[in-house]
$ cat data-v8.txt   # compact mmCIF, C-alpha atoms and all ligand atoms
# COMPACT_ATOMS: atom_id res chain seq x y z
CA MET A 1 120.55 117.78 101.92
CA ILE A 2 121.46 114.29 100.75
CA LYS A 3 120.94 113.82 97.03
CA PRO A 4 120.37 110.10 96.50
CA SER A 5 121.69 108.71 93.25
CA PHE A 6 120.01 105.90 91.36
CA LYS A 7 119.75 104.42 87.90
CA ARG A 8 116.98 105.67 85.67
CA ASN A 9 115.06 104.07 82.88
CA TRP A 10 114.80 105.50 79.36
CA ASN A 11 112.35 108.24 80.37
CA GLY A 12 114.10 109.25 83.58
CA VAL A 13 112.06 107.23 86.09
CA PRO A 14 114.30 106.14 89.00
CA ILE A 15 114.91 102.40 89.20
CA ILE A 16 114.89 101.84 92.91
CA LYS A 17 113.79 99.01 95.18
CA ASP A 18 111.67 99.44 98.29
CA LYS A 19 114.55 98.27 100.49
CA GLU A 20 116.78 100.95 98.96
CA ILE A 21 114.16 103.59 99.79
CA ASP A 22 114.26 102.42 103.42
CA VAL A 23 118.04 102.92 103.48
CA ILE A 24 117.90 106.32 101.75
CA VAL A 25 115.21 107.57 104.14
CA GLU A 26 117.27 106.64 107.20
CA GLN A 27 120.30 108.40 105.70
CA ILE A 28 118.16 111.49 105.16
CA ILE A 29 116.76 111.38 108.72
CA THR A 30 120.28 110.94 110.09
CA GLN A 31 121.27 114.17 108.39
CA TYR A 32 118.02 115.98 109.27
CA ASN A 33 117.90 115.01 112.96
CA PRO A 34 119.77 111.89 114.10
CA LYS A 35 118.00 111.94 117.50
CA LEU A 36 114.83 110.86 115.70
CA LEU A 37 116.35 107.43 115.14
CA THR A 38 117.18 106.83 118.78
CA ASN A 39 113.68 105.80 119.86
CA PRO A 40 110.29 105.33 118.13
CA GLN A 41 108.50 108.67 117.72
CA ALA A 42 106.56 110.77 115.22
CA ILE A 43 108.52 113.03 112.89
CA ASP A 44 107.53 116.71 112.65
CA ILE A 45 106.58 116.56 108.99
CA ASP A 46 106.09 120.33 108.58
CA ASP A 47 109.55 121.06 109.94
CA PHE A 48 111.06 118.39 107.69
CA ALA A 49 109.34 119.66 104.53
CA LEU A 50 109.59 123.39 105.11
CA TYR A 51 112.96 123.76 106.85
CA TYR A 52 114.99 120.71 105.80
CA LEU A 53 113.80 120.39 102.19
CA ASN A 54 113.07 124.14 101.96
CA LEU A 55 109.72 123.52 100.33
CA LYS A 56 106.76 125.92 100.43
CA GLN A 57 103.19 125.09 101.32
CA ASP A 58 99.75 126.23 100.21
CA PHE A 59 96.17 125.09 100.87
CA LYS A 60 93.48 124.97 98.18
CA PHE A 61 90.55 122.85 97.09
CA LEU A 62 92.21 120.59 94.54
CA SER A 63 89.03 118.94 93.25
CA HIS A 64 85.27 119.18 93.58
CA CYS A 65 85.05 115.79 95.30
CA GLY A 66 88.05 115.81 97.67
CA CYS A 67 89.66 112.92 95.79
CA ILE A 68 92.94 114.79 95.14
CA TRP A 69 94.77 115.18 98.45
CA GLY A 70 98.02 116.83 97.41
CA MET A 71 100.08 118.32 94.66
CA MET A 72 103.81 118.86 94.16
CA VAL A 73 104.66 121.86 91.98
CA PHE A 74 108.05 121.41 90.31
CA ASN A 75 108.24 124.63 88.30
CA ASP A 76 107.03 128.22 88.63
CA THR A 77 103.68 128.26 86.90
CA ARG A 78 100.43 130.16 86.54
CA LYS A 79 98.57 127.05 85.55
CA VAL A 80 97.89 124.98 88.65
CA PRO A 81 94.31 123.74 88.33
CA VAL A 82 92.25 124.08 91.53
CA TYR A 83 88.55 124.11 92.41
CA ASN A 84 86.66 127.24 93.44
CA PRO A 85 83.72 126.00 95.60
CA GLU A 86 81.98 129.40 95.63
CA LEU A 87 81.79 129.55 91.84
CA GLU A 88 81.68 125.74 91.51
CA LEU A 89 84.28 126.05 88.81
CA ALA A 90 87.83 124.92 88.12
CA GLU A 91 90.35 127.72 87.82
CA TYR A 92 94.09 128.24 87.55
CA ILE A 93 96.33 129.70 90.23
CA GLU A 94 100.00 130.66 90.37
CA ALA A 95 102.49 128.60 92.33
CA GLU A 96 106.24 128.62 92.78
CA GLU A 97 108.68 125.80 92.21
CA GLY A 98 108.89 123.54 95.27
CA THR A 99 105.37 124.20 96.58
CA ILE A 100 103.28 121.47 98.19
CA ILE A 101 99.59 122.22 97.81
CA ILE A 102 97.36 120.43 100.31
CA ASP A 103 93.65 119.95 99.76
CA ASN A 104 91.59 121.97 102.24
CA THR A 105 89.43 118.95 103.09
CA LEU A 106 92.42 117.36 104.85
CA LEU A 107 92.22 120.08 107.48
CA ASP A 108 88.90 118.61 108.66
CA ASP A 109 90.74 115.50 109.86
CA SER A 110 91.41 116.08 113.58
CA THR A 111 93.99 113.29 113.69
CA GLU A 112 96.00 114.84 110.82
CA TYR A 113 96.74 111.32 109.55
CA ARG A 114 95.84 112.13 105.95
CA TYR A 115 97.68 115.45 106.17
CA ARG A 116 100.87 113.83 107.44
CA SER A 117 100.77 111.05 104.82
CA THR A 118 100.16 113.55 102.05
CA MET A 119 102.96 115.89 103.12
CA ALA A 120 105.41 112.96 103.35
CA HIS A 121 104.21 111.63 99.98
CA GLU A 122 104.84 114.97 98.25
CA CYS A 123 108.30 115.17 99.88
CA GLY A 124 108.98 111.79 98.24
CA HIS A 125 108.06 113.17 94.84
CA TRP A 126 110.41 116.10 95.40
CA ILE A 127 113.35 113.89 96.39
CA PHE A 128 112.92 111.19 93.76
CA HIS A 129 111.23 112.89 90.83
CA LYS A 130 112.11 116.55 90.64
CA ASP A 131 114.84 115.88 88.09
CA MET A 132 112.18 114.41 85.79
CA PHE A 133 110.05 117.53 85.92
CA ILE A 134 112.15 120.61 86.65
CA VAL A 135 112.69 122.68 83.53
CA ASN A 136 115.76 124.88 83.33
CA GLU A 137 116.34 127.54 80.70
CA MET A 138 118.73 125.34 78.74
CA GLN A 139 116.16 122.54 78.55
CA SER A 140 113.39 124.97 77.60
CA SER A 141 115.28 125.85 74.49
CA LEU A 142 115.94 122.20 73.67
CA PHE A 143 112.48 120.74 74.27
CA ASP A 144 109.66 121.81 72.02
CA GLU A 145 107.01 119.90 73.91
CA PRO A 146 105.64 121.45 77.09
CA ARG A 147 106.64 119.45 80.17
CA GLU A 148 104.43 118.71 83.13
CA LEU A 149 104.80 121.28 85.88
CA ALA A 150 103.20 119.48 88.79
CA ILE A 151 101.93 116.10 90.00
CA ALA A 152 98.42 115.78 91.43
CA CYS A 153 98.06 112.89 93.86
CA ARG A 154 94.79 111.11 94.55
CA SER A 155 93.75 109.50 97.81
CA LYS A 156 94.45 106.02 96.42
CA ASP A 157 97.99 107.13 95.48
CA ILE A 158 98.65 108.26 99.05
CA GLU A 159 96.92 105.81 101.36
CA GLY A 160 95.91 102.18 101.16
CA GLN A 161 97.25 99.28 99.21
CA SER A 162 96.39 99.29 95.54
CA GLY A 163 97.58 95.73 94.93
CA ARG A 164 97.82 96.47 91.24
CA ARG A 165 100.85 95.74 89.09
CA LEU A 166 103.19 98.65 88.49
CA VAL A 167 103.26 99.20 84.75
CA THR A 168 103.17 102.83 83.71
CA THR A 169 105.51 105.69 84.60
CA ASN A 170 102.77 107.10 86.78
CA ASP A 171 102.34 103.77 88.61
CA TRP A 172 106.04 103.74 89.48
CA ILE A 173 106.41 107.33 90.61
CA GLU A 174 103.30 107.07 92.78
CA HIS A 175 104.64 103.85 94.27
CA HIS A 176 107.99 105.53 95.08
CA ALA A 177 106.24 108.43 96.82
CA LYS A 178 103.83 106.16 98.71
CA TYR A 179 106.65 103.92 99.94
CA PHE A 180 108.79 106.95 100.83
CA SER A 181 105.93 108.37 102.89
CA ALA A 182 105.60 105.14 104.90
CA ALA A 183 109.37 104.88 105.34
CA LEU A 184 109.65 108.49 106.53
CA LEU A 185 106.72 108.38 108.95
CA MET A 186 107.58 104.85 110.16
CA PRO A 187 111.34 104.32 109.62
CA LYS A 188 112.31 100.65 109.33
CA SER A 189 114.74 100.56 112.27
CA LEU A 190 112.25 102.30 114.57
CA MET A 191 109.45 99.99 113.47
CA GLU A 192 111.61 97.00 114.36
CA ILE A 193 112.31 98.44 117.81
CA ALA A 194 108.69 99.46 118.45
CA CYS A 195 107.15 96.16 117.33
CA HIS A 196 109.75 94.10 119.12
CA GLU A 197 109.35 96.00 122.40
CA ALA A 198 105.56 95.94 122.22
CA LYS A 199 105.53 92.18 121.76
CA GLN A 200 108.39 91.46 124.15
CA ASN A 201 106.89 93.54 126.97
CA GLY A 202 103.42 92.10 126.49
CA LEU A 203 101.94 95.46 125.49
CA VAL A 204 100.16 93.86 122.54
CA THR A 205 98.99 90.32 121.97
CA THR A 206 97.05 90.71 118.72
CA ASN A 207 97.82 92.33 115.40
CA GLU A 208 94.90 94.72 115.86
CA ALA A 209 96.47 95.93 119.11
CA LEU A 210 99.87 96.22 117.42
CA ILE A 211 98.34 98.32 114.62
CA ARG A 212 96.76 100.68 117.16
CA TYR A 213 100.06 100.90 119.07
CA ILE A 214 102.06 101.80 115.95
CA SER A 215 99.37 104.23 114.79
CA ARG A 216 99.62 106.08 118.13
CA ILE A 217 103.41 106.22 118.32
CA PHE A 218 104.04 107.41 114.77
CA GLU A 219 100.81 109.43 114.33
CA VAL A 220 99.71 107.55 111.22
CA SER A 221 96.38 106.03 110.29
CA PRO A 222 95.65 102.43 111.34
CA THR A 223 95.54 101.58 107.62
CA SER A 224 99.06 102.94 107.07
CA ALA A 225 100.31 101.19 110.20
CA ARG A 226 98.85 97.84 109.08
CA ILE A 227 100.42 98.08 105.62
CA ARG A 228 103.82 99.04 107.05
CA ILE A 229 103.76 96.18 109.59
CA GLN A 230 103.00 93.79 106.74
CA GLN A 231 105.66 95.31 104.46
CA LEU A 232 108.32 94.75 107.09
CA GLY A 233 107.03 91.37 108.27
CA LEU A 234 106.65 92.56 111.87
CA GLY A 235 103.21 91.17 112.69
CA ILE A 236 102.51 88.91 115.64
CA SER A 237 102.67 85.75 113.51
CA ASN A 238 106.14 86.71 112.34
CA VAL A 239 107.90 86.35 115.68
CA ALA A 240 109.99 83.61 114.10
CA VAL A 241 111.22 86.11 111.53
CA MET A 242 112.29 88.54 114.26
CA ASN A 243 114.28 85.79 115.94
CA ARG A 244 115.63 84.17 112.82
CA ASN A 245 119.20 84.70 113.97
CA LEU A 246 118.54 82.45 116.95
CA PHE A 247 117.73 79.50 114.71
CA ASN A 248 120.07 77.19 112.97
CA TRP A 249 118.02 76.82 109.82
CA ASN A 250 119.61 73.46 109.09
CA ASP A 251 118.00 72.08 112.25
CA LEU A 252 114.49 73.01 111.21
CA PRO A 253 112.17 70.39 109.76
CA SER A 254 111.98 70.61 105.99
CA ARG A 255 108.26 71.46 106.06
CA PHE A 256 108.73 74.38 108.49
CA GLU A 257 107.01 77.44 107.04
CA LEU A 258 106.80 81.02 108.17
CA ILE A 259 103.39 82.60 108.03
CA GLU A 260 103.97 85.88 106.22
CA ASP A 261 100.42 87.23 106.31
CA PHE A 262 98.01 87.79 109.09
ZN ZN B 301 101.83 111.26 94.26

$ encode --input "data-v8.txt" --output "structure tokens"
Amino acid sequence: MIKPSFKRNWNGVPIIKDKEIDVIVEQIITQYNPKLLTNPQAIDIDDFALYYLNLKQDFKFLSHCGCIWGMMVFNDTRKVPVYNPELELAEYIEAEEGTIIIDNTLLDDSTEYRYRSTMAHECGHWIFHKDMFIVNEMQSSLFDEPRELAIACRSKDIEGQSGRRLVTTNDWIEHHAKYFSAALLMPKSLMEIACHEAKQNGLVTTNEALIRYISRIFEVSPTSARIRIQQLGLGISNVAVMNRNLFNWNDLPSRFELIEDF
């Protein structure tokens, strides 16, 4: 398993750009199963998490309202808070280090979009953040303060575009995991191939059609597909970006502008 290295800030949060996450993810996929990068397709997220990262999995109700979709447990603990719907009470359960706990409500989703995004998101926490949370015996004797044992991830952390500024430690680690999830489910190089082919072959003529096409190929929600297309600048109005190598930029009129949004 590739162990990416990166700088960290004073409290151990990785300092890593989105573009670097794209590169790291493709290195990881190359080691996991290089055939996946040969043509656009959906990754088997269970196989990746359970057999490549050697993580464990459990299913519980993580809240009374279904707003917490997943949890990454970094240390053996008896204190994972879950919701017991029969008693209508919160309670603690045991969980082992390296366990992804998925909220039971995600199993109601026949498309598995939320399930796949959540699994990939928790894998991102494991790869980028476990060193911040894992407690070893040496550290236990050095740190008086109890350290967090798990991260609970809300729906807004996993899907959709928050648009807010990243300020706190939590903002940054959730952003890393959200971006990792998109990059794993829709790798940059495959997105470029898929969008280019769809446009080139006339399979799609609108951004809505492109979103549906990407959603189908990679088994992600239309919302996730739209955000990823925007992130990578692969929408219909960005054809000029795709072909930028064909232009001599010095020949373009000075007021030429690329439309980045759609
Ligand atoms: Zn998270």

$ residues_near_ligand --input "data-v8.txt" --ligand "ligand ZN 301 (chain B)" --cutoff "7 Å" --atoms "only C-alpha atoms and all ligand atoms" --output "MDAnalysis selection string"
chainID A and resid 121:122 125 151:153 157:158 174 177

$ write_last_selection --input "data-v8.txt" --atoms "C-alpha atoms" --output "CSV table (one decimal), keeping the file's coordinate frame"
chain,number,residue,atom,x,y,z
A,121,HIS,CA,104.2,111.6,100.0
A,122,GLU,CA,104.8,115.0,98.2
A,125,HIS,CA,108.1,113.2,94.8
A,151,ILE,CA,101.9,116.1,90.0
A,152,ALA,CA,98.4,115.8,91.4
A,153,CYS,CA,98.1,112.9,93.9
A,157,ASP,CA,98.0,107.1,95.5
A,158,ILE,CA,98.6,108.3,99.0
A,174,GLU,CA,103.3,107.1,92.8
A,177,ALA,CA,106.2,108.4,96.8

$ closest_atom_pairs --input "data-v8.txt" --of "segment 59-142 of chain A" --to "segment 206-221 of chain A" --cutoff "9 Å" --atoms "all atoms listed in the file" --output "JSON lines"
{"residue": "A:Thr111", "atom": "CA", "partner": "A:Glu219", "partner_atom": "CA", "distance": 7.9}
{"residue": "A:Glu112", "atom": "CA", "partner": "A:Glu219", "partner_atom": "CA", "distance": 8.0}
{"residue": "A:Tyr113", "atom": "CA", "partner": "A:Val220", "partner_atom": "CA", "distance": 5.1}
{"residue": "A:Arg114", "atom": "CA", "partner": "A:Ser221", "partner_atom": "CA", "distance": 7.5}
{"residue": "A:Arg116", "atom": "CA", "partner": "A:Val220", "partner_atom": "CA", "distance": 7.4}
{"residue": "A:Ser117", "atom": "CA", "partner": "A:Val220", "partner_atom": "CA", "distance": 7.4}

$ atom_distance --input "data-v8.txt" --atom1 "atom CA of Leu184 of chain A" --atom2 "atom CA of Asn75 of chain A"
24.4 Å

$ atom_distance --input "data-v8.txt" --atom1 "atom CA of Ala150 of chain A" --atom2 "atom CA of Ile134 of chain A"
9.3 Å

$ atom_distance --input "data-v8.txt" --atom1 "atom CA of Asp46 of chain A" --atom2 "atom CA of Gln27 of chain A"
18.8 Å

$ residues_around --input "data-v8.txt" --residues "Thr223 of chain A" --least-positions-apart "3" --cutoff "7 Å" --atoms "all atoms listed in the file" --output "ChimeraX atom specification"
/A:160,226-227

$ closest_residue --input "data-v8.txt" --among "A:Asn39, A:Thr77, A:Asn201, A:Ser155" --to "Val135 of chain A" --atoms "all atoms listed in the file"
A:Thr77

$ residues_around --input "data-v8.txt" --residues "Pro4 of chain A" --least-positions-apart "6" --cutoff "9 Å" --atoms "only C-alpha atoms" --output "MDAnalysis selection string"
chainID A and resid 24 127:128

$ closest_residue --input "data-v8.txt" --among "A:Ile102, A:Lys199, A:Ser224, A:Ser5" --to "Ile21 of chain A" --atoms "only C-alpha atoms"
A:Ser5

$ closest_residue --input "data-v8.txt" --among "A:Asp131, A:Asp109, A:Glu26, A:Asp58" --to "Ile93 of chain A" --atoms "all atoms listed in the file"
A:Asp58

$ closest_residue --input "data-v8.txt" --among "A:Met119, A:Ile45, A:Ile100, A:Met132" --to "Ile173 of chain A" --atoms "only C-alpha atoms"
A:Met132

$ closest_residue --input "data-v8.txt" --among "A:Tyr83, A:Phe180, A:Tyr92, A:Phe61" --to "Thr118 of chain A" --atoms "only C-alpha atoms"
A:Phe180

$ closest_residue --input "data-v8.txt" --among "A:Ile29, A:Ala194, A:Ala182, A:Ala90" --to "Met1 of chain A" --atoms "only C-alpha atoms"
A:Ile29

$ axis_aligned_box --input "data-v8.txt" --around "segment 212-226 of chain A" --padding-each-side "5 Å" --output "JSON"
{"center_x": 99.8, "center_y": 103.6, "center_z": 113.1, "size_x": 18.5, "size_y": 21.6, "size_z": 22.0}
